[in-house]
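In what follows, a single structure is set out as structure tokens and then discussed.
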There are 4 protein chains.
Amino acid sequence: MPAKAVSRTKLQTLDPGRVSSIPTTIKNPERVAHRRTELIDVATKMFLERGFHNTSIRDIVRACTFNVASLYMYVSSKEDILYLVAQDLMNNIAQKLSETVLDPESPERSLEIGFASYCQIVNRFRRPIRLLYREVGFLPPEPRSAVVATVSSVISYFETIIAGGIEAGVFRKVPARLAGLDVMFIAHMIALHTREVRAIGDLDAYINYQIGSIFAGLLVTPKKPGSAPVRQAKVFRSRKAKVVG
Amino acid sequence: MPAKAVSRTKLQTLDPGRVSSIPTTIKNPERVAHRRTELIDVATKMFLERGFHNTSIRDIVRACTFNVASLYMYVSSKEDILYLVAQDLMNNIAQKLSETVLDPESPERSLEIGFASYCQIVNRFRRPIRLLYREVGFLPPEPRSAVVATVSSVISYFETIIAGGIEAGVFRKVPARLAGLDVMFIAHMIALHTREVRAIGDLDAYINYQIGSIFAGLLVTPKKPGSAPVRQAKVFRSRKAKVVG
Amino acid sequence: MPAKAVSRTKLQTLDPGRVSSIPTTIKNPERVAHRRTELIDVATKMFLERGFHNTSIRDIVRACTFNVASLYMYVSSKEDILYLVAQDLMNNIAQKLSETVLDPESPERSLEIGFASYCQIVNRFRRPIRLLYREVGFLPPEPRSAVVATVSSVISYFETIIAGGIEAGVFRKVPARLAGLDVMFIAHMIALHTREVRAIGDLDAYINYQIGSIFAGLLVTPKKPGSAPVRQAKVFRSRKAKVVG
Amino acid sequence: MPAKAVSRTKLQTLDPGRVSSIPTTIKNPERVAHRRTELIDVATKMFLERGFHNTSIRDIVRACTFNVASLYMYVSSKEDILYLVAQDLMNNIAQKLSETVLDPESPERSLEIGFASYCQIVNRFRRPIRLLYREVGFLPPEPRSAVVATVSSVISYFETIIAGGIEAGVFRKVPARLAGLDVMFIAHMIALHTREVRAIGDLDAYINYQIGSIFAGLLVTPKKPGSAPVRQAKVFRSRKAKVVG
DNA sequence: AATGAATGAGAGTTCATTCAT
DNA sequence: AATGAATGAACTCTCATTCAT
């Protein structure tokens with residue numbers, strides 16, 4: 001059953017439990033986790049405010065409870081910090097997305113729920129996502145491809161749903177990966193063009209419009225234009241999320 | 001007449017001739033233009049290769065015919081150079097886009113031509129566009145909003161076409177600006193996810209698919225899925241442009 | 001009897017059993033000795049490879065079975081480690097030299113045997129000897145003079161032999177200490193100018209030439225130049241030792 | 001005529017005019033020379049006092065009339081400073097040695113004059129020579145071999161004299177290069193064992209003794225032991241140079 | 001006796017910018 | 001208008017050493 005495949009794939013590809021591969025001289029893993037959490041919090045905030053290159057190690061450490069030398073017991077370079085931040089973000093996104101409950105019976109509803117959920121995730125993490133689009137190029141190759149892999153898994157997430165819909169005969173025979181890429185990327189617009197998106201309306205309106213647009217391109221039997229939006233189920237707290245830069 | 005509106009809007013908002021507003025102590029404007037041209041060429045290349053923050057003033061000057069102190073007679077900070085580069089790029093893009101010959105008789109064809117043209121532009125400038133997405137946040141507010149304004153004018157470019165189509169009754173009553181934003185952003189995917197896009201197929205296939213998807217959401221009378229692509233007119237040289245990172 | 005004087009002096013001044021005077025907080029002397037042995041082995045190797053200043057405490061400890069804090073229970077500073085290494089080396093050299101069996105009947109043969117033996121020792125220890133010449137200046141005064149004292153005892157070793165020869169009437173009335181210094185230093189050339197020495201010939205040839213040269217300056221009755229080398233007795237394994245940097 | 005060859009070789013191999021190959025961003029060569037002179041003076045003194053590794057760039061600059069950033073316009077690394085110091089010393093030594101007037105008629109007298117002169121040079125530069133023996137291993141390969149080459153040229157200096165003497169029939173058929181190495185190295189003892197040498201007597205006594213010893217090994221017709229020293233001509237100012245550590 | 005973790009101080013180097021000519 | 005030279009400030013990273021347990 002395709003629907004089941006979807007759900008299974010999702011659980012496989014979006015496993016957020018990947019352990020950091022950054023080496024450390026500290027032996028107690030809990031301590032490492034604790035320190036790195038603090039580090040990630042501080043660094044994320046600063047990288048967001050001033051960018052990776054305009055944030056110095058000393059800036060970061062000044063806001064931490066440990067000093068420069070200690071920092072280097074938990075990471076081995078400044079790039080590692082960027083990697084930690086990126087990894088944390090990717091894990092959070094994958095985690096949130098994997099929590100989304102799809103509808104195994106309906107690729108159509110699954111796509112709708114998944115997209116809406118991802119839009120809300122992107123909205124929530126829009127600033128770190130912007131950060132990542134900016135700074136991913138400055139990651140060393142290995143961490144960089146880890147980030148790229150997570151992005152790819154998000155594409156696969158939507159690709160799988162769409163492929164399921166095609167197989168089930170409800171979606172047209174489009175190239176599923178490209179369609180999945182479109183879906184993910186349209187959600188990313190919330191992060192990359194926040195101001196423009198906000199100028200047009202609130203997040204729910206945005207989601208509704210894009211879902212309509214996406215289904216227009218996908219459905220074998222198009223909905224009557226202007227008909228009531230398919231969407232009803234609210235994923236997460238739908239606090240009329242404001243889209244603010 | 002909508003067609004005229006399109007053309008007029010295009011000429012207004014995409015005027016590539018804006019003169020730099022960066023101050024200089026030099027009297028002779030030709031000299032300023034000459035020096036800045038060299039500067040932009042060199043800086044663009046270096047920013048592309050190593051990023052803005054990893055390029056030092058000395059790196060730039062080393063590849064120029066003038067020295068550091070002279071540089072500071074034509075710009076007042078490193079950020080100014082970034083602005084010059086960004087501005088130049090935006091002008092180039094606007095220029096290229098404004099050269100595209102639309103079809104005043106048909107919003108449908110105009111959108112198709114415009115989108116295809118813009119995709120090719122984005123493909124050509126994908127690395128500088130990536131650069132801009134990355135570094136625009138590091139521009140000082142005033143230059144930054146100049147860049148944002150040009151982006152907005154590209155959105156308006158498509159918005160106007162779509163609004164024309166709605167007015168002409170061939171497009172559904174969608175929010176024209178949001179639809180325009182979609183169109184632009186889908187083109188930007190070529191720059192921001194080059195690898196994924198390339199993995200899927202060549203540029204023409206990409207354009208065709210996206211045009212189909214866009215029209216599915218816009219047209220009052222949808223095309224039969226799988227029918228021959230609307231698109232025929234090749235803008236620019238359609239040399240089966242490869243999308244290479 | 002001069003011969004006896006030689007032997008007695010040797011035993012006095014070359015006693016290799018001096019116990020380290022470096023203080024420690026550890027009560028159990030065996031434990032101290034054990035740890036220090038490991039430390040000396042590791043540190044010697046590292047100092048040889050990268051020099052004292054380019055070897056960090058952490059480098060050393062990483063190769064030991066104990067950690068940084070433990071290290072500081074057995075030494076009180078990085079310089080102490082250098083001292084331990086230096087002392088160990090001096091003891092080894094003194095030990096080896098004291099094992100050399102001289103000829104109580106003949107100062108001439110004793111000098112020959114002693115010099116040949118010392119040359120082989122220097123050849124064997126040429127890298128640590130180079131290390132010592134380099135780093136002895138960085139020892140604190142007290143340990144430093146301990147090293148200097150051992151050097152002095154080597155000079156005395158040869159001085160005593162020569163003085164015996166003068167007394168016995170076979171050597172000319174040269175300043176014995178200066179002559180002894182010459183003898184020792186000529187041997188050190190193997191360590192300090194290894195490349196040049198090696199370029200000229202093998203170790204045995206070197207020893208033979210220098211013995212000839214030394215005796216030419218010392219003997220009351222000079223040997224006929226070009227005559228067969230005095231030297232016959234091989235001290236240690238005379239495996240045509242190669243002199244390699 | 002062999003004597004002439006000696007003098008010619010000397011002029012060739014000891015040319016002190018080699019220009020520094022260390023790159024600089026400064027265009028005015030006089031300024032470079034001026035700054036580097038100051039740098040060499042300061043650095044030499046500090047390297048002597050505390051060693052290369054215990055002298056920080058900031059230590060050096062603090063005693064200079066320019067600051068850290070300026071320093072790096074004249075050298076490109078700390079190692080370069082060591083090279084400058086080494087090169088300066090080698091040049092000085094070569095210069096002084098090349099000023100020594102030998103006796104083209106007599107290899108015997110030439111060797112005597114040359115050795116005495118070199119001893120005085122070594123005595124004058126004994127501390128920087130010690131420095132060099134210590135730190136030459138920390139030079140990068142290229143500069144290092146430049147230093148080695150100069151040392152080699154000093155050996156050649158004596159080798160050539162000795163070879164001339166052998167050819168002229170006044171010296172025995174010894175291996176000339178090894179004999180030259182001995183001569184140079186015996187002079188170096190003044191630098192490497194200053195304390196011991198000083199304890200034995202003054203510089204002139206040292207030189208006289210060593211000359212006697214050298215000639216004993218070299219001369220076909222040995223002098224009568226204890227006879228008046230060959231040496232009379234004082235090279236340089238013979239201010240009864242004290243040998244002080 | 002032993003160790004994991006921490007740290008102040010400082011290392012070498014480079015930066016964007018400006019002066020003096 | 002142009003440039004060679006200079007500079008204060010800051011950078012990332014490592015060190016020898018010492019707590020707290």
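Chain labels run A, B, ... following the order of the structure tokens; each chain numbers its residues from 1, and ligands are numbered from 1 in the order shown.
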
Show me a table, sorted first by chain and then by increasing residue number, of the residues of chain A having an atom at most 10 Å from chain E, each with its shortest atom pair and the distance in Å to one decimal, counting only C-alpha atoms (C1' of nucleotides) and written as JSON lines.
```
{"residue": "A:Thr25", "atom": "CA", "partner": "E:DA5", "partner_atom": "C1'", "distance": 9.6}
{"residue": "A:Ile26", "atom": "CA", "partner": "E:DG4", "partner_atom": "C1'", "distance": 7.6}
{"residue": "A:Lys27", "atom": "CA", "partner": "E:DG4", "partner_atom": "C1'", "distance": 7.5}
{"residue": "A:Asn28", "atom": "CA", "partner": "E:DG4", "partner_atom": "C1'", "distance": 8.4}
{"residue": "A:Arg31", "atom": "CA", "partner": "E:DA5", "partner_atom": "C1'", "distance": 9.9}
{"residue": "A:Phe66", "atom": "CA", "partner": "E:DA6", "partner_atom": "C1'", "distance": 8.4}
{"residue": "A:Asn67", "atom": "CA", "partner": "E:DT7", "partner_atom": "C1'", "distance": 7.1}
{"residue": "A:Val68", "atom": "CA", "partner": "E:DT7", "partner_atom": "C1'", "distance": 8.5}
{"residue": "A:Ala69", "atom": "CA", "partner": "E:DT7", "partner_atom": "C1'", "distance": 6.8}
{"residue": "A:Ser70", "atom": "CA", "partner": "E:DA6", "partner_atom": "C1'", "distance": 6.4}
{"residue": "A:Met73", "atom": "CA", "partner": "E:DA5", "partner_atom": "C1'", "distance": 9.1}
```

* **Check: which chain C residues lie within 12 Å of chain F using only C-alpha atoms (C1' of nucleotides), as an MDAnalysis selection string** => chainID C and resid 53:59 68:73 75:79

* Near-Thr44 of chain D list (12 Å; only C-alpha atoms (C1' of nucleotides); drop same-chain fewer than 6 positions) as JSON, numbers by chain -> {"D": [36, 37, 38, 50, 51, 52, 55, 60, 63, 81, 82, 83, 84, 85, 86, 87, 88, 89, 125, 127, 128, 129, 130, 131, 132, 135]}

At a cut-off of 6 Å, which residues of chain A touch chain B? Count only C-alpha atoms and give the answer as an mmCIF file with C-alpha atoms, in the first residue's frame.
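Okay, result-v4.cif is ready:
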```
data_model
loop_
_atom_site.group_PDB
_atom_site.id
_atom_site.type_symbol
_atom_site.label_atom_id
_atom_site.label_comp_id
_atom_site.auth_asym_id
_atom_site.auth_seq_id
_atom_site.Cartn_x
_atom_site.Cartn_y
_atom_site.Cartn_z
ATOM 1 C CA ARG A 134 23.842 31.974 3.626
ATOM 2 C CA SER A 213 -1.507 26.241 -6.767
ATOM 3 C CA ALA A 216 -3.747 22.682 -9.659
ATOM 4 C CA GLY A 217 -0.555 21.336 -11.103
#
```

* Filtered DSSP result for chain A, state helix (DSSP H, G or I), as a PyMOL selection string -> chain A and resi 2-13+29-50+57-62+68-74+78-99+107-124+126-138+141-168+176-192+194-200+203-218

* Atomic separation - atom CA of Tyr74 of chain C relative to atom CA of Arg35 of chain C, Å ->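 Separation of atom CA of Arg35 of chain C and atom CA of Tyr74 of chain C: 7.6 Å.
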
* Rounded to one decimal in Å, what is the spacing between atom CA of Val154 of chain D and atom CA of Met184 of chain D? ->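 About the pair atom CA of Val154 of chain D and atom CA of Met184 of chain D: they are 7.2 Å apart.
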
* By how many Å are atom CA of Glu105 of chain A and atom CA of Ala187 of chain A apart? ->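 Taking atom CA of Glu105 of chain A and atom CA of Ala187 of chain A, their separation equals 24.0 Å.
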